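Reproduced below: my_file25.cif, with mmCIF, C-alpha atoms.
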```cif
data_target
#
loop_
_atom_site.label_atom_id
_atom_site.label_comp_id
_atom_site.auth_asym_id
_atom_site.auth_seq_id
_atom_site.Cartn_x
_atom_site.Cartn_y
_atom_site.Cartn_z
CA MET O 159 -35.00 -2.50 -132.97
CA THR O 160 -31.42 -2.11 -131.78
CA PRO O 161 -28.70 -0.56 -133.97
CA LEU O 162 -27.12 -4.03 -134.26
CA ASP O 163 -30.44 -5.52 -135.42
CA GLN O 164 -30.75 -2.71 -137.99
CA ARG O 165 -27.21 -3.30 -139.36
CA ILE O 166 -27.92 -7.02 -139.72
CA LEU O 167 -31.32 -6.32 -141.29
CA ASP O 168 -29.65 -4.05 -143.86
CA LEU O 169 -27.11 -6.79 -144.59
CA VAL O 170 -29.50 -9.73 -144.93
CA ARG O 171 -32.61 -8.15 -146.48
CA PRO O 172 -31.25 -8.17 -150.08
CA LEU O 173 -30.01 -11.74 -149.64
CA VAL O 174 -33.35 -12.94 -148.27
CA GLU O 175 -35.25 -11.23 -151.08
CA ALA O 176 -32.85 -12.63 -153.70
CA GLN O 177 -33.83 -16.11 -152.48
CA GLY O 178 -37.52 -15.26 -153.07
CA PHE O 179 -38.53 -14.73 -149.44
CA ASP O 180 -40.00 -11.84 -147.47
CA LEU O 181 -37.98 -10.82 -144.41
CA VAL O 182 -40.24 -10.70 -141.36
CA ARG O 183 -37.80 -10.01 -138.51
CA VAL O 184 -34.14 -9.95 -137.55
CA ARG O 185 -33.27 -10.11 -133.87
CA VAL O 186 -30.17 -10.82 -131.80
CA THR O 187 -30.86 -12.40 -128.42
CA GLY O 188 -28.81 -13.81 -125.57
CA THR O 189 -25.91 -12.55 -123.53
CA LYS O 190 -23.35 -15.32 -123.11
CA THR O 191 -24.39 -17.30 -126.19
CA LYS O 192 -25.94 -15.07 -128.81
CA THR O 193 -28.60 -16.17 -131.30
CA LEU O 194 -29.24 -14.34 -134.56
CA GLN O 195 -32.84 -15.01 -135.50
CA VAL O 196 -33.77 -14.40 -139.13
CA MET O 197 -37.49 -14.88 -139.62
CA ALA O 198 -38.71 -15.12 -143.22
CA GLU O 199 -41.48 -16.56 -145.35
CA ARG O 200 -42.52 -17.05 -148.94
CA PRO O 201 -44.88 -14.45 -150.41
CA ASP O 202 -47.71 -16.97 -149.86
CA ARG O 203 -46.77 -17.00 -146.13
CA THR O 204 -45.39 -20.54 -146.15
CA MET O 205 -41.89 -21.66 -145.18
CA SER O 206 -40.70 -25.26 -145.22
CA ALA O 207 -37.78 -26.76 -143.34
CA GLU O 208 -36.00 -27.03 -146.70
CA ASP O 209 -36.61 -23.30 -147.29
CA CYS O 210 -35.08 -22.51 -143.90
CA ALA O 211 -32.03 -24.65 -144.65
CA ARG O 212 -31.60 -23.09 -148.10
CA LEU O 213 -31.86 -19.58 -146.70
CA SER O 214 -29.42 -20.40 -143.89
CA ARG O 215 -26.88 -21.61 -146.46
CA ALA O 216 -27.38 -18.45 -148.53
CA LEU O 217 -26.92 -16.12 -145.52
CA SER O 218 -23.96 -17.83 -143.85
CA PRO O 219 -21.17 -16.70 -146.23
CA ALA O 220 -22.26 -13.03 -146.09
CA LEU O 221 -22.62 -13.13 -142.31
CA ASP O 222 -19.21 -14.79 -141.96
CA ALA O 223 -17.61 -12.13 -144.19
CA ALA O 224 -19.30 -9.17 -142.48
CA ASP O 225 -18.90 -10.64 -138.98
CA PRO O 226 -21.61 -8.31 -137.57
CA ILE O 227 -21.78 -9.92 -134.10
CA PRO O 228 -18.67 -9.98 -131.89
CA GLY O 229 -17.84 -13.53 -130.84
CA GLY O 230 -19.61 -16.72 -131.82
CA TYR O 231 -23.34 -17.01 -132.28
CA VAL O 232 -26.04 -19.35 -133.51
CA LEU O 233 -27.89 -18.49 -136.71
CA GLU O 234 -31.54 -19.48 -136.52
CA VAL O 235 -33.58 -19.19 -139.69
CA SER O 236 -37.28 -19.73 -139.08
CA SER O 237 -40.80 -19.12 -140.23
CA PRO O 238 -42.93 -16.67 -138.26
CA GLY O 239 -45.05 -19.57 -137.00
CA ILE O 240 -48.78 -19.66 -136.45
CA ASP O 241 -48.83 -17.10 -133.62
CA ARG O 242 -46.49 -14.88 -135.60
CA PRO O 243 -44.98 -11.64 -134.36
CA LEU O 244 -46.37 -8.49 -135.94
CA VAL O 245 -43.40 -6.26 -136.70
CA ARG O 246 -44.09 -4.42 -139.95
CA PRO O 247 -46.94 -2.00 -140.60
CA ARG O 248 -48.21 -4.31 -143.33
CA ASP O 249 -48.52 -7.17 -140.79
CA PHE O 250 -51.22 -5.23 -138.96
CA GLU O 251 -53.08 -4.70 -142.25
CA ASP O 252 -52.57 -8.25 -143.54
CA TRP O 253 -53.82 -9.86 -140.33
CA ALA O 254 -56.78 -7.52 -139.70
CA GLY O 255 -59.69 -9.36 -138.10
CA ARG O 256 -57.40 -11.69 -136.12
CA ALA O 257 -56.97 -11.79 -132.34
CA ALA O 258 -53.69 -10.27 -131.15
CA LYS O 259 -51.75 -9.03 -128.15
CA ILE O 260 -50.00 -5.68 -128.25
CA GLU O 261 -47.45 -4.38 -125.75
CA LEU O 262 -46.68 -0.68 -125.89
CA ASN O 263 -43.41 0.99 -124.97
CA ARG O 264 -45.33 3.46 -122.76
CA MET O 265 -48.30 3.53 -120.43
CA ILE O 266 -51.73 4.45 -121.84
CA GLU O 267 -54.47 4.90 -119.27
CA GLY O 268 -52.42 2.95 -116.73
CA ARG O 269 -51.52 -0.01 -118.91
CA LYS O 270 -49.08 -1.18 -121.57
CA ASN O 271 -50.57 -4.53 -122.56
CA PHE O 272 -53.68 -4.93 -124.66
CA ARG O 273 -55.57 -7.89 -126.10
CA GLY O 274 -58.15 -7.62 -128.85
CA VAL O 275 -58.66 -7.79 -132.60
CA LEU O 276 -56.53 -6.14 -135.27
CA ALA O 277 -58.45 -3.57 -137.28
CA GLY O 278 -55.73 -2.68 -139.81
CA ILE O 279 -53.98 0.64 -140.29
CA ASP O 280 -55.75 3.98 -140.03
CA ASP O 281 -53.87 7.13 -141.02
CA GLY O 282 -50.53 5.41 -140.35
CA LYS O 283 -51.58 4.15 -136.91
CA VAL O 284 -52.37 0.61 -135.83
CA ALA O 285 -56.12 0.24 -135.37
CA PHE O 286 -56.98 -2.17 -132.58
CA ASP O 287 -60.33 -3.24 -131.12
CA ILE O 288 -59.40 -3.77 -127.47
CA ASP O 289 -61.32 -6.50 -125.66
CA GLY O 290 -64.06 -4.90 -123.57
CA GLU O 291 -63.83 -1.47 -125.22
CA THR O 292 -66.40 0.00 -127.59
CA GLN O 293 -64.12 2.27 -129.66
CA THR O 294 -61.19 1.28 -131.83
CA ALA O 295 -57.85 2.39 -130.36
CA LEU O 296 -55.24 3.94 -132.66
CA PHE O 297 -51.62 3.31 -131.63
CA PRO O 298 -48.73 5.06 -133.38
CA PHE O 299 -46.57 2.31 -134.87
CA ASP O 300 -43.46 3.47 -132.98
CA TRP O 301 -45.30 3.00 -129.65
CA ILE O 302 -45.54 -0.76 -130.22
CA ALA O 303 -42.83 -2.68 -128.37
CA ASN O 304 -44.17 -6.16 -129.17
CA ALA O 305 -47.19 -7.56 -130.94
CA LYS O 306 -48.23 -11.03 -131.99
CA LEU O 307 -51.21 -13.00 -133.12
CA VAL O 308 -53.03 -14.96 -130.45
CA LEU O 309 -53.16 -18.69 -131.05
CA THR O 310 -56.84 -19.48 -131.56
CA ASP O 311 -58.66 -22.51 -132.90
CA ALA O 312 -59.62 -20.51 -136.00
CA LEU O 313 -56.00 -19.49 -136.64
CA ILE O 314 -54.78 -23.07 -136.20
CA LYS O 315 -57.48 -24.36 -138.53
CA GLU O 316 -56.63 -21.74 -141.16
CA SER O 317 -52.90 -22.51 -140.89
CA LEU O 318 -53.43 -26.25 -141.22
CA LYS O 319 -55.69 -25.71 -144.21
CA ALA O 320 -52.97 -23.64 -145.87
CA GLY O 321 -50.35 -26.29 -145.02
CA LYS O 322 -48.34 -23.97 -142.76
CA THR O 323 -46.43 -25.28 -139.81
CA PRO O 324 -43.71 -23.47 -137.86
CA THR O 325 -40.25 -24.45 -139.04
CA HIS O 326 -36.68 -23.45 -138.35
CA GLU O 327 -33.10 -24.34 -139.11
CA GLN O 328 -30.17 -23.63 -136.82
CA GLU O 329 -26.55 -23.30 -137.78
CA THR O 330 -23.98 -22.91 -135.03
CA SER O 331 -20.96 -20.66 -134.78
CA HIS O 332 -20.27 -17.71 -136.96
CA GLY O 333 -17.86 -14.87 -136.37
CA ASP O 334 -14.92 -16.17 -134.37
CA HIS O 335 -16.27 -19.77 -134.49
CA ARG O 336 -16.29 -20.36 -130.73
#
```

Using the file provided, produce a representation of the structure as structure tokens.
Amino acid sequence: MTPLDQRILDLVRPLVEAQGFDLVRVRVTGTKTKTLQVMAERPDRTMSAEDCARLSRALSPALDAADPIPGGYVLEVSSPGIDRPLVRPRDFEDWAGRAAKIELNRMIEGRKNFRGVLAGIDDGKVAFDIDGETQTALFPFDWIANAKLVLTDALIKESLKAGKTPTHEQETSHGDHR
């Protein structure tokens, strides 16, 4: 997480929680046109398009006042989606037993990318059953650059059963309103 992402996370977390949502991720992307992605969900892991719009309206005044990103940007409020990113330690525990991809920020035995099944958290480390390996790997949380669930038929079926579909709401131009 960049220092800018952390400042924005500190700004929006209380606002997101005040609206009754869990903050999943904050990320600023883009170079010429920046996008501020705020990913959130209800405690039951759902997020409707109306929820995204409501949260966008709640965040906009605070973001306009704080002006955390130089220049204009697009605010995108979204759900994590079915093949959600795994960014918090609790995500690895909550989604144990599901197929995932993990990219490390360093090489381990000649590789950085791993595919397998989440096995939760063990002594503060992410436990991961790597495809083709017999022992569970333990990765320190700060070694994980990116991680996400793998879209499988079982995950899709479970998401449809729970009534979850990826949603998002975009609002253009904050900051200097370019």

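The nearest approach to O:Thr160 among the residues O:Ala303, O:Ala257, O:Met197, O:Leu313, with all atoms listed in the file taken into account, belongs to O:Ala303.
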
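Using only C-alpha atoms, the nearest neighbour of O:Glu251 within the list O:Ala277, O:Leu233, O:Cys210, O:Leu167 is O:Ala277.
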
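The protein and nucleic acid residues lying at most 12 Å from O:Asp168 are Pro161, Leu162, Asp163, Gln164, Arg165, Ile166, Val170, Arg171, Pro172, Leu173, Val174, Glu175, Leu181, Arg183, Val184, Ala220, Leu221, Ala224 and Pro226 of chain O, with only C-alpha atoms considered and sequence neighbours fewer than 2 positions away removed.
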
Practice problem: Check what the PyMOL selection byres ((chain O and resi 281) around 12) selects in the file above and give those residues as a PyMOL selection string. | Solution: chain O and resi 247+251+278-280+282-285+296-299

Exercise. I need the residue set behind the PyMOL selection byres ((chain O and resi 239) around 12) for this file; please write it as JSON, numbers by chain.
Key: {"O": [182, 197, 198, 199, 203, 204, 205, 206, 235, 236, 237, 238, 240, 241, 242, 243, 244, 306, 307, 308, 309, 313, 314, 317, 318, 321, 322, 323, 324, 325, 326]}

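Straight-line separation from atom CA of O:Leu262 to atom CA of O:Trp301: 5.4 Å.
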
Work out where the centre of an axis-aligned box around every listed atom of stretch 214-224 of chain O lies and how long its edges are once 8 Å is added on each side; give both in Å to one decimal as AutoDock Vina command-line options.
```
--center_x -23.5 --center_y -15.4 --center_z -145.2 --size_x 27.8 --size_y 28.4 --size_z 22.6
```

Self-check item: Point (-44.9, 6.8, -124.7), cut-off 10 Å, counting all atoms listed in the file, residues as a PyMOL selection string
Solution: chain O and resi 262-266+270+298+300-302

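Atom CA of O:Arg273 is found 4.5 Å from atom CA of O:Lys259.
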
Quiz item: Expressed in Å to a single decimal, how great is the separation between atom CA of O:Glu316 and atom CA of O:Ala211?
Solution: 25.0 Å

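Among the candidate residues O:Arg256, O:Asp222, O:Thr191, O:Asp202, the one lying nearest to O:Asp311 is O:Arg256, with distances computed using all atoms listed in the file.
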
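Around O:Ile288, within 10 Å and counting only C-alpha atoms, the residues found are Ala257, Ala258, Lys259, Ile260, Phe272, Arg273, Gly274, Val275, Leu276, Ala277, Thr292, Gln293, Thr294 and Ala295 of chain O, once anything fewer than 4 positions away on its own chain is removed.
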
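Take the candidates O:Ala176, O:Ala254, O:Val245, O:Leu169 and check each one against O:Asp225 using only C-alpha atoms; the shortest distance goes to O:Leu169.
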